[in-house]
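Accompanying notes for the structure given below.
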Amino acid sequence: LQPPTHNFENDYAELDRRYAFHPFTALADHEKNGPAFVLSHGEGSTLTDTQGRRYIDALAGLWCVNIGYGRAEMGEAMAEQARTLSYAHAFSSMAADKPAMLSARLINMAPVPMSKVFFGNSGSDANDTQVKLAWLYNNALGRVHKKKIIARQRGYHGVTLMTAGMTGLPGLHAGFDLPLPMIRHTTAPRRLWEGHGLSDAEFAASLAADLEALIEAEGADTIAAMIMEPLMGAGGVIAPPEGYYAAIQPILRRHDILLIADEVICGFGRLGQNFGSSVFGMEPDLITIAKGLTSAYFPLSACLVSDKVWQVLAGPAHAKFGAFGHGYTYSSHPIGAAAALANLDIIEREGLVAMAGDTGAYMQAKLRAAFGDHPLVGEVRGQALIAAVEFVKDKAAPLAFDPGLKVAPRVIAAARARGVIGRALPNADTVAFSPPFVISREEIDTVVAAFRDAVDEVM
Ligand code: PLP
């Protein structure tokens with residue numbers, strides 16, 4: 001194999017087209033056409049490409065750059081940490097100052113009482129860890145058949161072998177021999193489709209009945225845990241109907257099924273409160289956080305573990321299996337911890353969680369005004385600073401869905417030509433909005449106007 005000999009100097013698009021293997025990308029198209037743009041700068045909610053074109057980022061990267069781009073304070077905190085202690089692992093009782101401080105801060109912030117924090121590198125690996133914790137917990141208690149994980153159709157939990165399977169989107173399974181056999185999916189709490197024509201109370205009851213039927217069919221003694229995003233993000237920005245968690249949680253408790261709250265998108269303010277669990281009254285045994293923990297200035301995730309689980313891990317699990325046999329080279333990375341601490345300082349000092357709530361209310365109203373009556377928009381939905389617009393063939397009969405109607409990707413391309421970056425969601429004809437918390441109302445106006453024009457252009 002010859003090493004690349006071309007010298008394209010500053011032709012980054014050509015370098016990328018030839019040599020880069022992109023995630024979640026149509027590979028042949030990319031190899032043929034190259035990237036849509038090559039970014040080089042970011043500040044606040046605005047990104048700039050190598051041609052000097054500017055874009056408002058209406059998705060905050062991938063729902064993660066919550067404090068906005070280009071914060072010097074973040075760069076300084078990470079540089080200072082790199083100068084003083086660039087790395088320390090956490091195996092075999094080794095500790096470092098910043099990860100210890102961050103652990104305590106996260107336990108203090110947790111939406112329900114939690115005992116311990118285990119750090120990882122991404123939402124995917126943290127959710128994978130949660131499954132291992134649920135298995136270890138049950139194995140330690142001698143419940144060796146309690147292994148299956150219930151997730152929900154349209155839920156998104158990552159891309160590892162386990163978490164891609166838990167993700168309830170067919171595009172993540174096809175061709176990868178997934179899901180693994182111990183995963184089951186229950187009904188998505190999606191009003192436009194699964195809940196069409198039902199009241200909130202009826203829909204919550206029918207979803208609870210579906211879950212109960214699944215547990216009974218499988219046998220509660222075979223099920224370890226259920227994983228849920230408080231509000232689903234990548235599967236379509238789906239908030240559950242009123243009363244949903246109140247109906248679901250007693251069923252899980254009755255069958256001794258652990259509840260994992262995947263707060264990777266909701267955590268740290270996206271819904272106008274620190275955690276989605278607080279917004280919806282969830283009482284999880286395990287909580288997964290990532291993205292907003294560092295606003296994506298450093299890859300860092302964590303599992304928050306309740307005392308109920310911790311007592312089993314530290315007691316019977318240790319007695320049976322010895323020292324905890326799991327962890328990453330980069331678990332408890334001190335630069336990640338420094339980034340998270342600086343990020344949490346900024347969020348607190350600038351009141352960004354309340355700001356996400358206020359600006360979010362403005363964004364929801366603007367989107368509903370722009371798209372609510374559109375004949376081909378089935379639903380404008382969301383809460384606080386996360387929203388989606390779903391396209392349908394016929395608003396009056398949204399269930400007459402034409403899966404060939406792929407409006408969203410064309411809308412995204414047309415919006416990008418107008419200087420706004422958004423995202424079309426997989427396996428749904430939906431565009432999502434999840435901007436940085438610092439986005440201004442004028443920028444929201446620009447985003448909504450650009451999308452409205454984009455929809456008019458392509459439909
Ligand atoms: N869980 C949720 C709710 C997510 O939205 C994501 C990513 O979008 C993940 C898990 C996976 O996180 P990562 O991409 O960091 O592995």
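Here's how to read the names in the structure tokens: chain A, B, ... by the order shown, residue numbers from 1 in each chain, ligand numbers from 1 in the order shown.
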Run DSSP on the backbone and grab whatever in stretch 117-349 of chain A lands in alpha helix (DSSP H); send it over as a PyMOL selection string. chain A and resi 123-140+161-166+200-218+244-254+276-280+307-312+318-321+334-349
Can you pull out every residue within 9 Å of A:Ser440, counting only C-alpha atoms, but drop anything in the same chain fewer than 3 positions away, and send it as a ChimeraX atom specification? /A:45,359,437,443-445
Spatial neighbours of stretch 266-274 of chain A, 6 Å, only C-alpha atoms, chain gap at least 5 places, as an MDAnalysis selection string: chainID A and resid 292 353:354 356:357 384:385
Those residues with N, CA and C atoms, as a PDB file, in the first residue's frame please?
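Contents of the output file out.pdb:
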```pdb
ATOM      1  N   GLY A 292     -23.240  17.493  27.460  1.00  0.00           N
ATOM      2  CA  GLY A 292     -23.275  18.774  28.168  1.00  0.00           C
ATOM      3  C   GLY A 292     -22.389  18.824  29.401  1.00  0.00           C
ATOM      4  N   VAL A 353     -28.786  27.564  32.499  1.00  0.00           N
ATOM      5  CA  VAL A 353     -29.907  26.608  32.515  1.00  0.00           C
ATOM      6  C   VAL A 353     -31.230  27.382  32.418  1.00  0.00           C
ATOM      7  N   ALA A 354     -31.335  28.459  33.220  1.00  0.00           N
ATOM      8  CA  ALA A 354     -32.545  29.292  33.133  1.00  0.00           C
ATOM      9  C   ALA A 354     -32.634  29.914  31.747  1.00  0.00           C
ATOM     10  N   ALA A 356     -31.568  28.650  28.968  1.00  0.00           N
ATOM     11  CA  ALA A 356     -32.041  27.625  28.023  1.00  0.00           C
ATOM     12  C   ALA A 356     -33.564  27.521  28.100  1.00  0.00           C
ATOM     13  N   GLY A 357     -34.114  27.639  29.312  1.00  0.00           N
ATOM     14  CA  GLY A 357     -35.569  27.588  29.468  1.00  0.00           C
ATOM     15  C   GLY A 357     -36.242  28.774  28.789  1.00  0.00           C
ATOM     16  N   ALA A 384     -38.484  23.386  25.870  1.00  0.00           N
ATOM     17  CA  ALA A 384     -37.331  24.244  26.140  1.00  0.00           C
ATOM     18  C   ALA A 384     -36.446  24.315  24.897  1.00  0.00           C
ATOM     19  N   LEU A 385     -35.136  24.061  25.035  1.00  0.00           N
ATOM     20  CA  LEU A 385     -34.248  24.340  23.907  1.00  0.00           C
ATOM     21  C   LEU A 385     -33.962  23.110  23.044  1.00  0.00           C
TER      22      LEU A 385
END
```
Restrict the calculation to only C-alpha atoms and all ligand atoms, then for each residue of chain A with any atom at most 10 Å from an atom of ligand 1 give the closest atom pair and their distance in Å to one decimal, rows by chain and rising residue number, as a Markdown table.
```
| residue | atom | partner | partner_atom_place_in_ligand_line | distance |
| --- | --- | --- | --- | --- |
| A:Leu62 | CA | ligand 1 | 8 (O) | 6.5 |
| A:Trp63 | CA | ligand 1 | 8 (O) | 7.3 |
| A:Cys64 | CA | ligand 1 | 8 (O) | 8.6 |
| A:Gly120 | CA | ligand 1 | 15 (O) | 9.8 |
| A:Asn121 | CA | ligand 1 | 15 (O) | 7.4 |
| A:Ser122 | CA | ligand 1 | 15 (O) | 3.8 |
| A:Gly123 | CA | ligand 1 | 12 (O) | 3.2 |
| A:Ser124 | CA | ligand 1 | 16 (O) | 3.5 |
| A:Asp125 | CA | ligand 1 | 16 (O) | 6.3 |
| A:Ala126 | CA | ligand 1 | 16 (O) | 7.9 |
| A:Asn127 | CA | ligand 1 | 10 (C) | 6.9 |
| A:Asp128 | CA | ligand 1 | 16 (O) | 9.7 |
| A:Gly155 | CA | ligand 1 | 3 (C) | 7.4 |
| A:Tyr156 | CA | ligand 1 | 2 (C) | 5.2 |
| A:His157 | CA | ligand 1 | 1 (N) | 3.8 |
| A:Gly158 | CA | ligand 1 | 11 (C) | 3.7 |
| A:Val159 | CA | ligand 1 | 16 (O) | 6.4 |
| A:Thr160 | CA | ligand 1 | 16 (O) | 7.9 |
| A:Thr163 | CA | ligand 1 | 10 (C) | 7.9 |
| A:Ala164 | CA | ligand 1 | 11 (C) | 9.0 |
| A:Thr167 | CA | ligand 1 | 1 (N) | 8.6 |
| A:Ile227 | CA | ligand 1 | 1 (N) | 9.9 |
| A:Met228 | CA | ligand 1 | 3 (C) | 8.2 |
| A:Glu229 | CA | ligand 1 | 3 (C) | 5.7 |
| A:Pro230 | CA | ligand 1 | 3 (C) | 8.7 |
| A:Leu231 | CA | ligand 1 | 3 (C) | 8.5 |
| A:Met232 | CA | ligand 1 | 3 (C) | 6.8 |
| A:Gly233 | CA | ligand 1 | 5 (O) | 5.8 |
| A:Ala234 | CA | ligand 1 | 5 (O) | 5.9 |
| A:Gly235 | CA | ligand 1 | 5 (O) | 8.7 |
| A:Ala261 | CA | ligand 1 | 3 (C) | 9.0 |
| A:Asp262 | CA | ligand 1 | 3 (C) | 5.5 |
| A:Glu263 | CA | ligand 1 | 3 (C) | 6.1 |
| A:Val264 | CA | ligand 1 | 3 (C) | 4.6 |
| A:Ile265 | CA | ligand 1 | 5 (O) | 5.2 |
| A:Cys266 | CA | ligand 1 | 3 (C) | 7.6 |
| A:Gly267 | CA | ligand 1 | 3 (C) | 9.4 |
| A:Thr288 | CA | ligand 1 | 1 (N) | 7.8 |
| A:Ile289 | CA | ligand 1 | 1 (N) | 8.1 |
| A:Ala290 | CA | ligand 1 | 15 (O) | 6.4 |
| A:Lys291 | CA | ligand 1 | 15 (O) | 6.5 |
| A:Ala296 | CA | ligand 1 | 15 (O) | 9.2 |
| A:Pro299 | CA | ligand 1 | 15 (O) | 7.5 |
| A:Leu300 | CA | ligand 1 | 15 (O) | 8.2 |
| A:Ser301 | CA | ligand 1 | 15 (O) | 7.5 |
```
Near A:Leu106, counting only C-alpha atoms, which residues have an atom at most 12 Å away, once you skip same-chain residues fewer than 3 positions from it, shown as a ChimeraX atom specification?
/A:99-103,109-119,267-268,274-275,287-290,293,301-305,337,340-341,344
Report task. Pick out the closest residue to A:Ala246 from this set: A:Met182, A:Ile260, A:Ala225, A:Ala204. Count only C-alpha atoms. Result ->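 Among the listed residues, A:Ala204 lies closest to A:Ala246.
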Practice task
Could you give me, as a ChimeraX atom specification, each residue of stretch 306-423 of chain A that DSSP assigns to strand (DSSP E) when run on this structure's backbone?
Solution key: /A:377-383,386-391,420-421,423
With a distance cut-off of 10 Å and only C-alpha atoms, select the neighbouring residues of A:Lys146, excluding the residue or stretch itself and same-chain residues fewer than 3 positions from it, and output the selection as a PDB file with N, CA and C atoms, in the first residue's frame.
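Output saved as around.pdb:
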```pdb
ATOM      1  N   ALA A 134     -25.454  -3.486  35.591  1.00  0.00           N
ATOM      2  CA  ALA A 134     -26.727  -4.176  35.851  1.00  0.00           C
ATOM      3  C   ALA A 134     -26.514  -5.692  35.877  1.00  0.00           C
ATOM      4  N   TRP A 135     -25.656  -6.198  35.004  1.00  0.00           N
ATOM      5  CA  TRP A 135     -25.383  -7.646  35.005  1.00  0.00           C
ATOM      6  C   TRP A 135     -24.611  -8.055  36.257  1.00  0.00           C
ATOM      7  N   TYR A 137     -24.544  -6.589  39.097  1.00  0.00           N
ATOM      8  CA  TYR A 137     -25.479  -6.461  40.226  1.00  0.00           C
ATOM      9  C   TYR A 137     -26.309  -7.740  40.370  1.00  0.00           C
ATOM     10  N   ASN A 138     -26.900  -8.178  39.273  1.00  0.00           N
ATOM     11  CA  ASN A 138     -27.755  -9.368  39.348  1.00  0.00           C
ATOM     12  C   ASN A 138     -26.944 -10.642  39.559  1.00  0.00           C
ATOM     13  N   ASN A 139     -25.802 -10.755  38.923  1.00  0.00           N
ATOM     14  CA  ASN A 139     -24.957 -11.929  39.155  1.00  0.00           C
ATOM     15  C   ASN A 139     -24.533 -12.009  40.614  1.00  0.00           C
ATOM     16  N   GLY A 142     -27.075 -13.479  42.708  1.00  0.00           N
ATOM     17  CA  GLY A 142     -27.432 -14.866  42.374  1.00  0.00           C
ATOM     18  C   GLY A 142     -28.577 -14.974  41.389  1.00  0.00           C
ATOM     19  N   ARG A 143     -28.958 -13.836  40.771  1.00  0.00           N
ATOM     20  CA  ARG A 143     -30.081 -13.857  39.812  1.00  0.00           C
ATOM     21  C   ARG A 143     -29.486 -13.942  38.407  1.00  0.00           C
ATOM     22  N   ILE A 149     -32.117  -6.526  28.467  1.00  0.00           N
ATOM     23  CA  ILE A 149     -32.265  -5.079  28.621  1.00  0.00           C
ATOM     24  C   ILE A 149     -33.452  -4.645  27.757  1.00  0.00           C
ATOM     25  N   GLY A 219     -40.691 -12.870  30.897  1.00  0.00           N
ATOM     26  CA  GLY A 219     -40.419 -13.329  32.260  1.00  0.00           C
ATOM     27  C   GLY A 219     -39.563 -12.312  32.993  1.00  0.00           C
ATOM     28  N   ALA A 220     -40.097 -11.730  34.072  1.00  0.00           N
ATOM     29  CA  ALA A 220     -39.359 -10.686  34.792  1.00  0.00           C
ATOM     30  C   ALA A 220     -38.017 -11.202  35.302  1.00  0.00           C
ATOM     31  N   ASP A 221     -37.938 -12.514  35.549  1.00  0.00           N
ATOM     32  CA  ASP A 221     -36.672 -13.055  36.069  1.00  0.00           C
ATOM     33  C   ASP A 221     -35.598 -13.155  34.995  1.00  0.00           C
ATOM     34  N   THR A 222     -35.909 -12.694  33.752  1.00  0.00           N
ATOM     35  CA  THR A 222     -34.878 -12.665  32.701  1.00  0.00           C
ATOM     36  C   THR A 222     -34.471 -11.229  32.353  1.00  0.00           C
ATOM     37  N   ILE A 223     -35.065 -10.241  33.023  1.00  0.00           N
ATOM     38  CA  ILE A 223     -34.839  -8.847  32.619  1.00  0.00           C
ATOM     39  C   ILE A 223     -34.054  -8.090  33.687  1.00  0.00           C
ATOM     40  N   ALA A 224     -32.914  -7.509  33.267  1.00  0.00           N
ATOM     41  CA  ALA A 224     -32.044  -6.804  34.221  1.00  0.00           C
ATOM     42  C   ALA A 224     -32.425  -5.344  34.361  1.00  0.00           C
ATOM     43  N   ALA A 225     -32.656  -4.666  33.253  1.00  0.00           N
ATOM     44  CA  ALA A 225     -32.791  -3.207  33.319  1.00  0.00           C
ATOM     45  C   ALA A 225     -33.600  -2.688  32.144  1.00  0.00           C
ATOM     46  N   ASP A 256     -38.528  -5.698  39.830  1.00  0.00           N
ATOM     47  CA  ASP A 256     -37.109  -5.627  40.181  1.00  0.00           C
ATOM     48  C   ASP A 256     -36.230  -5.424  38.950  1.00  0.00           C
ATOM     49  N   ILE A 257     -36.641  -4.478  38.130  1.00  0.00           N
ATOM     50  CA  ILE A 257     -35.899  -4.132  36.912  1.00  0.00           C
ATOM     51  C   ILE A 257     -35.273  -2.756  37.143  1.00  0.00           C
TER      52      ILE A 257
END
```
Q.
Residues near A:Arg423, anyone? I mean within 8 Å using only C-alpha atoms, not counting same-chain ones fewer than 5 positions away, as an MDAnalysis selection string.
A. chainID A and resid 59 409 412 431:433
Write to file, as a PDB file, in the first residue's frame, the residues of the selection just made, with N, CA and C atoms.
```pdb
ATOM      1  N   LEU A  59     -27.899  23.080  15.996  1.00  0.00           N
ATOM      2  CA  LEU A  59     -27.929  21.816  16.749  1.00  0.00           C
ATOM      3  C   LEU A  59     -26.809  21.736  17.794  1.00  0.00           C
ATOM      4  N   PRO A 409     -33.747  15.811   4.603  1.00  0.00           N
ATOM      5  CA  PRO A 409     -32.376  16.064   4.129  1.00  0.00           C
ATOM      6  C   PRO A 409     -32.299  17.205   3.128  1.00  0.00           C
ATOM      7  N   ILE A 412     -32.507  20.435   5.050  1.00  0.00           N
ATOM      8  CA  ILE A 412     -31.228  20.730   5.713  1.00  0.00           C
ATOM      9  C   ILE A 412     -30.246  21.354   4.719  1.00  0.00           C
ATOM     10  N   VAL A 431     -36.615  17.285  11.065  1.00  0.00           N
ATOM     11  CA  VAL A 431     -35.426  18.090  11.331  1.00  0.00           C
ATOM     12  C   VAL A 431     -35.450  18.504  12.798  1.00  0.00           C
ATOM     13  N   ALA A 432     -34.255  18.547  13.389  1.00  0.00           N
ATOM     14  CA  ALA A 432     -34.140  18.826  14.825  1.00  0.00           C
ATOM     15  C   ALA A 432     -33.442  20.161  15.063  1.00  0.00           C
ATOM     16  N   PHE A 433     -33.782  20.777  16.185  1.00  0.00           N
ATOM     17  CA  PHE A 433     -33.179  22.039  16.624  1.00  0.00           C
ATOM     18  C   PHE A 433     -32.746  21.880  18.083  1.00  0.00           C
TER      19      PHE A 433
END
```
Would you write out, as JSON lines, a table of all residues in stretch 272-365 of chain A that have an atom no more than 6 Å from an atom of stretch 77-89 of chain A, listing for each the closest atom pair and the distance in Å to one decimal, considering only C-alpha atoms and ordering rows by chain and rising residue number?
```
{"residue": "A:Pro334", "atom": "CA", "partner": "A:Tyr87", "partner_atom": "CA", "distance": 5.9}
{"residue": "A:Ile335", "atom": "CA", "partner": "A:Met78", "partner_atom": "CA", "distance": 5.6}
{"residue": "A:Ala339", "atom": "CA", "partner": "A:Met78", "partner_atom": "CA", "distance": 5.8}
```
Using only C-alpha atoms, the best pick from A:Leu192, A:Gln383, A:Asp29, A:Ala342 as closest to A:Ala397 would be A:Leu192
Here atom CA of A:His374 and atom CA of A:Glu390 stand apart by 10.8 Å
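We find atom CA of A:Glu212 and atom CA of A:Ile251 to be spaced 6.9 Å apart.
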#### Entry: Among the residues A:Leu169, A:Leu47, A:Val380, A:Ile248, the one that comes closest to A:Tyr69 [using only C-alpha atoms]
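Answer, going by the shortest atom-to-atom distance: A:Leu47.
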**OP:** Compile the contact shell of A:Phe324 as a ChimeraX atom specification: residues with an atom at most 9 Å away, counting only C-alpha atoms, same-chain residues fewer than 3 positions apart removed.
**Re:** /A:313-314,317-318,321,327
